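Asker: Quick one: the structure is below, and I'll ask about it shortly.
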Amino acid sequence: LKRMFLLQTAALYLQSCTHQSTFHISVRHGVPLACAAGVAETRAAMSPPNSKDQMLYQADASVRAARADGINRCTLRLFLPRNNELCPADESWEGGIMQLFAKTSPLTQDLLRRLSSEIAGVPPALSETRLDKSGVDGESVWMAQSSRPQNDAVGFVQPSTEQLGMITKLSNDAGSRPVLLINPQWKERDDPLDALSRQGGALGLLGNFLGGKAAMENQLRELGFVDVYTLAQYRCRGSLICLMLAYPYGWTAFYREGVEDKVWKPLITSDTRPTYQEVEEALKEADVPFRLTEFDSVV
(Lines give C-alpha, C1' and ligand atoms only; values in the text may rest on other atoms or scores of the structure.)
Protein backbone atom coordinates (compact mmCIF):
# COMPACT_ATOMS: atom_id res chain seq x y z
CA LEU A 1 0.00 0.00 0.00
CA LYS A 2 2.84 2.37 0.82
CA ARG A 3 4.45 1.68 -2.57
CA MET A 4 1.10 2.25 -4.32
CA PHE A 5 0.63 5.55 -2.51
CA LEU A 6 4.13 6.68 -3.50
CA LEU A 7 3.51 5.70 -7.12
CA GLN A 8 0.23 7.62 -7.19
CA THR A 9 1.90 10.68 -5.66
CA ALA A 10 4.73 10.55 -8.18
CA ALA A 11 2.27 10.08 -11.04
CA LEU A 12 0.35 13.19 -10.01
CA TYR A 13 3.56 15.18 -9.96
CA LEU A 14 4.67 13.92 -13.37
CA GLN A 15 1.31 14.79 -14.89
CA SER A 16 1.92 18.37 -13.83
CA CYS A 17 5.22 18.47 -15.73
CA THR A 18 5.45 19.38 -19.40
CA HIS A 19 4.38 16.56 -21.68
CA GLN A 20 7.23 17.29 -24.03
CA SER A 21 9.96 16.50 -21.51
CA THR A 22 8.34 13.41 -20.02
CA PHE A 23 6.12 11.77 -22.59
CA HIS A 24 7.32 13.09 -25.94
CA ILE A 25 7.49 10.43 -28.68
CA SER A 26 10.27 10.90 -31.19
CA VAL A 27 9.38 9.31 -34.50
CA ARG A 28 13.03 9.59 -35.51
CA HIS A 29 13.78 6.62 -33.26
CA GLY A 30 10.87 4.42 -34.36
CA VAL A 31 11.32 3.81 -38.09
CA PRO A 32 8.88 1.66 -40.12
CA LEU A 33 10.77 -1.08 -41.93
CA ALA A 34 9.72 0.14 -45.34
CA CYS A 35 11.60 3.40 -44.65
CA ALA A 36 14.90 1.86 -43.57
CA ALA A 37 15.25 -1.29 -45.62
CA GLY A 38 19.01 -1.81 -45.45
CA VAL A 39 19.41 -1.44 -41.71
CA ALA A 40 16.08 -3.17 -41.07
CA GLU A 41 17.07 -6.30 -42.97
CA THR A 42 20.21 -6.63 -40.86
CA ARG A 43 18.38 -6.10 -37.59
CA ALA A 44 15.46 -8.33 -38.50
CA ALA A 45 17.79 -11.18 -39.44
CA MET A 46 17.64 -12.23 -35.79
CA SER A 47 13.98 -13.00 -35.10
CA PRO A 48 12.40 -13.83 -31.72
CA PRO A 49 13.55 -17.29 -30.60
CA ASN A 50 11.18 -20.24 -30.75
CA SER A 51 13.18 -22.50 -28.43
CA LYS A 52 15.46 -22.31 -25.40
CA ASP A 53 18.50 -23.36 -27.44
CA GLN A 54 17.84 -20.69 -30.07
CA MET A 55 17.46 -18.03 -27.36
CA LEU A 56 20.73 -19.08 -25.69
CA TYR A 57 22.45 -19.05 -29.08
CA GLN A 58 21.25 -15.48 -29.68
CA ALA A 59 22.22 -14.36 -26.18
CA ASP A 60 25.66 -15.92 -26.56
CA ALA A 61 26.13 -14.20 -29.93
CA SER A 62 25.07 -10.83 -28.50
CA VAL A 63 27.51 -11.09 -25.57
CA ARG A 64 30.34 -12.14 -27.88
CA ALA A 65 29.60 -9.24 -30.26
CA ALA A 66 29.61 -6.82 -27.32
CA ARG A 67 32.89 -8.22 -26.02
CA ALA A 68 34.42 -7.78 -29.47
CA ASP A 69 33.61 -4.08 -29.07
CA GLY A 70 35.22 -3.95 -25.63
CA ILE A 71 31.98 -4.33 -23.61
CA ASN A 72 32.44 -6.90 -20.83
CA ARG A 73 29.58 -5.91 -18.51
CA CYS A 74 26.31 -7.14 -19.98
CA THR A 75 22.67 -7.12 -18.91
CA LEU A 76 20.33 -9.70 -20.41
CA ARG A 77 16.58 -10.27 -20.00
CA LEU A 78 15.62 -13.74 -21.13
CA PHE A 79 12.32 -15.52 -21.59
CA LEU A 80 11.88 -18.66 -19.48
CA PRO A 81 10.94 -22.15 -20.66
CA ARG A 82 7.54 -23.42 -19.52
CA ASN A 83 5.36 -26.16 -21.04
CA ASN A 84 7.63 -26.38 -24.11
CA GLU A 85 7.26 -22.64 -24.75
CA LEU A 86 9.24 -19.51 -23.97
CA CYS A 87 7.36 -17.17 -21.63
CA PRO A 88 8.11 -13.64 -20.39
CA ALA A 89 9.40 -13.36 -16.82
CA ASP A 90 6.91 -10.59 -16.04
CA GLU A 91 3.49 -10.11 -14.44
CA SER A 92 2.03 -12.80 -16.71
CA TRP A 93 4.20 -15.50 -15.08
CA GLU A 94 2.22 -17.80 -12.81
CA GLY A 95 4.27 -18.19 -9.64
CA GLY A 96 6.57 -16.20 -7.40
CA ILE A 97 10.21 -15.21 -7.40
CA MET A 98 11.42 -18.69 -6.45
CA GLN A 99 9.59 -20.26 -9.40
CA LEU A 100 11.29 -17.72 -11.65
CA PHE A 101 14.63 -18.49 -10.00
CA ALA A 102 14.19 -22.24 -10.63
CA LYS A 103 14.05 -21.48 -14.37
CA THR A 104 16.56 -18.62 -14.58
CA SER A 105 19.44 -20.26 -12.71
CA PRO A 106 19.82 -23.21 -15.15
CA LEU A 107 19.65 -20.78 -18.09
CA THR A 108 22.49 -18.75 -16.59
CA GLN A 109 24.53 -21.89 -16.09
CA ASP A 110 23.95 -22.94 -19.72
CA LEU A 111 24.86 -19.48 -21.03
CA LEU A 112 28.12 -19.36 -19.05
CA ARG A 113 28.98 -22.83 -20.33
CA ARG A 114 28.58 -21.55 -23.89
CA LEU A 115 30.62 -18.41 -23.23
CA SER A 116 33.52 -20.04 -21.39
CA SER A 117 36.14 -21.69 -23.53
CA GLU A 118 37.30 -25.26 -23.18
CA ILE A 119 41.05 -25.57 -22.66
CA ALA A 120 42.61 -28.73 -24.11
CA GLY A 121 39.15 -30.30 -24.15
CA VAL A 122 38.54 -29.59 -20.46
CA PRO A 123 35.31 -27.60 -19.87
CA PRO A 124 35.23 -24.85 -17.24
CA ALA A 125 34.17 -25.67 -13.69
CA LEU A 126 30.79 -24.12 -12.88
CA SER A 127 29.66 -23.32 -9.34
CA GLU A 128 26.70 -21.42 -7.88
CA THR A 129 26.53 -19.37 -4.67
CA ARG A 130 23.22 -18.21 -3.25
CA LEU A 131 23.12 -14.49 -2.40
CA ASP A 132 19.77 -14.36 -0.62
CA LYS A 133 20.47 -15.06 3.04
CA SER A 134 16.79 -15.76 3.65
CA GLY A 135 16.71 -18.35 0.88
CA VAL A 136 13.46 -16.96 -0.52
CA ASP A 137 14.59 -13.99 -2.64
CA GLY A 138 15.80 -16.02 -5.62
CA GLU A 139 19.28 -14.53 -6.10
CA SER A 140 22.58 -16.23 -6.84
CA VAL A 141 25.84 -15.86 -8.73
CA TRP A 142 27.37 -18.45 -11.05
CA MET A 143 31.14 -18.65 -11.54
CA ALA A 144 32.73 -20.28 -14.58
CA GLN A 145 36.37 -21.05 -13.76
CA SER A 146 38.72 -22.14 -16.51
CA SER A 147 42.28 -23.38 -16.29
CA ARG A 148 43.14 -19.96 -17.69
CA PRO A 149 41.83 -17.14 -15.48
CA GLN A 150 41.30 -14.84 -18.47
CA ASN A 151 38.57 -17.23 -19.66
CA ASP A 152 36.56 -17.08 -16.42
CA ALA A 153 33.06 -15.56 -16.37
CA VAL A 154 30.51 -14.42 -13.79
CA GLY A 155 26.71 -14.49 -14.07
CA PHE A 156 24.32 -12.94 -11.53
CA VAL A 157 20.89 -14.59 -11.39
CA GLN A 158 17.94 -12.24 -10.73
CA PRO A 159 20.01 -9.70 -8.77
CA SER A 160 18.10 -7.08 -6.78
CA THR A 161 19.28 -3.59 -5.93
CA GLU A 162 20.54 -4.98 -2.63
CA GLN A 163 23.26 -6.82 -4.55
CA LEU A 164 24.75 -3.65 -6.05
CA GLY A 165 27.70 -3.82 -3.64
CA MET A 166 28.51 -7.40 -4.68
CA ILE A 167 28.06 -6.52 -8.36
CA THR A 168 30.47 -3.61 -7.93
CA LYS A 169 33.07 -5.72 -6.14
CA LEU A 170 33.06 -8.59 -8.63
CA SER A 171 33.01 -6.18 -11.57
CA ASN A 172 36.08 -4.37 -10.21
CA ASP A 173 37.85 -7.67 -9.58
CA ALA A 174 36.95 -9.24 -12.93
CA GLY A 175 38.99 -6.97 -15.17
CA SER A 176 38.29 -7.84 -18.81
CA ARG A 177 36.41 -11.03 -17.92
CA PRO A 178 32.65 -10.92 -18.60
CA VAL A 179 30.16 -10.16 -15.83
CA LEU A 180 26.52 -10.77 -16.70
CA LEU A 181 23.29 -9.65 -15.03
CA ILE A 182 20.56 -12.13 -15.99
CA ASN A 183 16.92 -11.06 -15.49
CA PRO A 184 17.59 -8.44 -12.80
CA GLN A 185 14.67 -7.86 -10.45
CA TRP A 186 14.32 -4.15 -11.19
CA LYS A 187 11.92 -3.53 -14.04
CA GLU A 188 13.15 -2.67 -17.50
CA ARG A 189 10.34 -0.13 -17.93
CA ASP A 190 9.97 2.93 -15.73
CA ASP A 191 7.26 3.48 -13.15
CA PRO A 192 6.46 7.00 -11.88
CA LEU A 193 9.05 6.78 -9.09
CA ASP A 194 11.72 5.89 -11.63
CA ALA A 195 10.73 8.86 -13.77
CA LEU A 196 10.74 11.10 -10.71
CA SER A 197 14.24 9.90 -9.77
CA ARG A 198 15.49 11.19 -13.13
CA GLN A 199 14.46 14.74 -12.29
CA GLY A 200 17.16 17.16 -11.21
CA GLY A 201 17.78 18.53 -7.75
CA ALA A 202 15.73 17.69 -4.69
CA LEU A 203 12.99 15.96 -6.66
CA GLY A 204 15.47 13.53 -8.13
CA LEU A 205 16.94 12.83 -4.71
CA LEU A 206 13.45 12.22 -3.37
CA GLY A 207 12.62 9.86 -6.22
CA ASN A 208 15.76 7.81 -5.61
CA PHE A 209 15.11 7.74 -1.85
CA LEU A 210 11.57 6.43 -2.45
CA GLY A 211 12.79 3.59 -4.65
CA GLY A 212 13.45 5.08 -8.10
CA LYS A 213 16.24 3.37 -10.01
CA ALA A 214 18.03 6.30 -11.68
CA ALA A 215 20.91 6.39 -9.17
CA MET A 216 21.37 2.62 -9.42
CA GLU A 217 21.36 2.76 -13.22
CA ASN A 218 24.02 5.48 -13.10
CA GLN A 219 26.19 3.26 -10.91
CA LEU A 220 25.79 0.34 -13.28
CA ARG A 221 26.59 2.60 -16.22
CA GLU A 222 29.77 3.73 -14.48
CA LEU A 223 30.72 0.07 -14.05
CA GLY A 224 30.29 -0.34 -17.82
CA PHE A 225 27.05 -2.35 -17.94
CA VAL A 226 25.19 -2.30 -21.26
CA ASP A 227 21.89 -3.94 -22.24
CA VAL A 228 22.92 -6.44 -24.91
CA TYR A 229 19.96 -8.82 -25.17
CA THR A 230 16.37 -8.21 -24.14
CA LEU A 231 13.07 -9.92 -24.88
CA ALA A 232 9.72 -8.34 -23.94
CA GLN A 233 6.17 -9.18 -24.95
CA TYR A 234 2.73 -7.54 -24.78
CA ARG A 235 -0.48 -7.01 -26.75
CA CYS A 236 -1.33 -4.02 -28.91
CA ARG A 237 -4.55 -3.64 -30.92
CA GLY A 238 -5.14 -7.37 -30.37
CA SER A 239 -1.83 -8.41 -31.96
CA LEU A 240 0.99 -10.04 -30.04
CA ILE A 241 4.09 -7.83 -29.92
CA CYS A 242 7.64 -8.98 -29.20
CA LEU A 243 10.31 -6.37 -28.57
CA MET A 244 13.80 -7.67 -29.11
CA LEU A 245 17.16 -6.06 -28.43
CA ALA A 246 20.16 -7.97 -29.78
CA TYR A 247 23.57 -6.32 -29.78
CA PRO A 248 24.72 -4.80 -32.11
CA TYR A 249 21.48 -4.60 -34.10
CA GLY A 250 19.47 -2.42 -31.73
CA TRP A 251 15.75 -2.91 -31.13
CA THR A 252 13.19 -4.54 -33.41
CA ALA A 253 9.45 -4.81 -32.78
CA PHE A 254 7.76 -7.90 -34.24
CA TYR A 255 4.07 -8.82 -34.38
CA ARG A 256 1.81 -11.83 -34.82
CA GLU A 257 -1.91 -11.75 -35.68
CA GLY A 258 -4.09 -14.23 -33.81
CA VAL A 259 -3.19 -17.53 -32.21
CA GLU A 260 -2.99 -19.28 -35.58
CA ASP A 261 -0.31 -16.90 -36.82
CA LYS A 262 3.03 -18.53 -35.95
CA VAL A 263 5.30 -16.21 -37.93
CA TRP A 264 6.88 -13.15 -36.32
CA LYS A 265 6.86 -10.24 -38.77
CA PRO A 266 9.20 -7.25 -38.26
CA LEU A 267 7.43 -3.94 -37.74
CA ILE A 268 9.80 -1.27 -36.39
CA THR A 269 13.56 -0.95 -36.00
CA SER A 270 15.03 1.51 -33.54
CA ASP A 271 18.18 2.44 -31.67
CA THR A 272 16.03 2.93 -28.56
CA ARG A 273 13.21 0.84 -27.11
CA PRO A 274 10.08 1.43 -29.26
CA THR A 275 7.25 2.93 -27.25
CA TYR A 276 3.76 1.46 -27.12
CA GLN A 277 2.49 4.47 -29.05
CA GLU A 278 5.06 3.97 -31.82
CA VAL A 279 4.14 0.29 -32.12
CA GLU A 280 0.44 1.14 -32.25
CA GLU A 281 0.97 3.73 -34.97
CA ALA A 282 3.16 1.33 -36.99
CA LEU A 283 0.46 -1.36 -36.85
CA LYS A 284 -2.03 1.15 -38.25
CA GLU A 285 0.37 2.24 -41.00
CA ALA A 286 0.97 -1.43 -41.91
CA ASP A 287 -2.83 -1.94 -42.14
CA VAL A 288 -2.76 -4.64 -39.48
CA PRO A 289 -6.44 -4.90 -38.47
CA PHE A 290 -7.61 -4.40 -34.91
CA ARG A 291 -8.90 -7.63 -33.39
CA LEU A 292 -10.36 -8.81 -30.14
CA THR A 293 -7.37 -10.36 -28.43
CA GLU A 294 -6.87 -14.11 -28.47
CA PHE A 295 -3.67 -14.00 -26.42
CA ASP A 296 -5.27 -14.23 -22.99
CA SER A 297 -2.06 -15.32 -21.25
CA VAL A 298 -0.11 -12.26 -22.37
CA VAL A 299 -0.27 -9.00 -20.41
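FYI, nothing fancy with the C-alpha coordinates labels: chains A, B, ... in order, residues from 1 per chain, ligands from 1 as they appear.
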How close does each residue of range 60-133 of chain A get to range 214-236 of chain A, giving the shortest atom pair and distance in Å to one decimal for every residue with an atom at most 10 Å away, counting only C-alpha atoms, sorted by chain and residue number, as a tab-separated table?

Answerer:
```
residue	atom	partner	partner_atom	distance
A:Asp60	CA	A:Tyr229	CA	9.2
A:Ala61	CA	A:Tyr229	CA	9.5
A:Ser62	CA	A:Val228	CA	6.1
A:Val63	CA	A:Val228	CA	6.6
A:Arg64	CA	A:Val228	CA	9.8
A:Ala65	CA	A:Val228	CA	9.0
A:Ala66	CA	A:Val228	CA	7.1
A:Gly70	CA	A:Gly224	CA	9.9
A:Ile71	CA	A:Gly224	CA	7.2
A:Asn72	CA	A:Gly224	CA	7.5
A:Arg73	CA	A:Phe225	CA	4.4
A:Cys74	CA	A:Val226	CA	5.1
A:Thr75	CA	A:Asp227	CA	4.7
A:Leu76	CA	A:Tyr229	CA	4.9
A:Arg77	CA	A:Thr230	CA	4.6
A:Leu78	CA	A:Leu231	CA	5.9
A:Phe79	CA	A:Leu231	CA	6.5
A:Cys87	CA	A:Gln233	CA	8.7
A:Pro88	CA	A:Ala232	CA	6.6
A:Ala89	CA	A:Ala232	CA	8.7
A:Asp90	CA	A:Ala232	CA	8.7
A:Ser92	CA	A:Tyr234	CA	9.7
```

Asker: What lies within 8 Å of range 125-137 of chain A using only C-alpha atoms, ignoring chain neighbours under 6 positions off, as a ChimeraX atom specification?

Answerer: /A:97-98,109,113,143-146,163
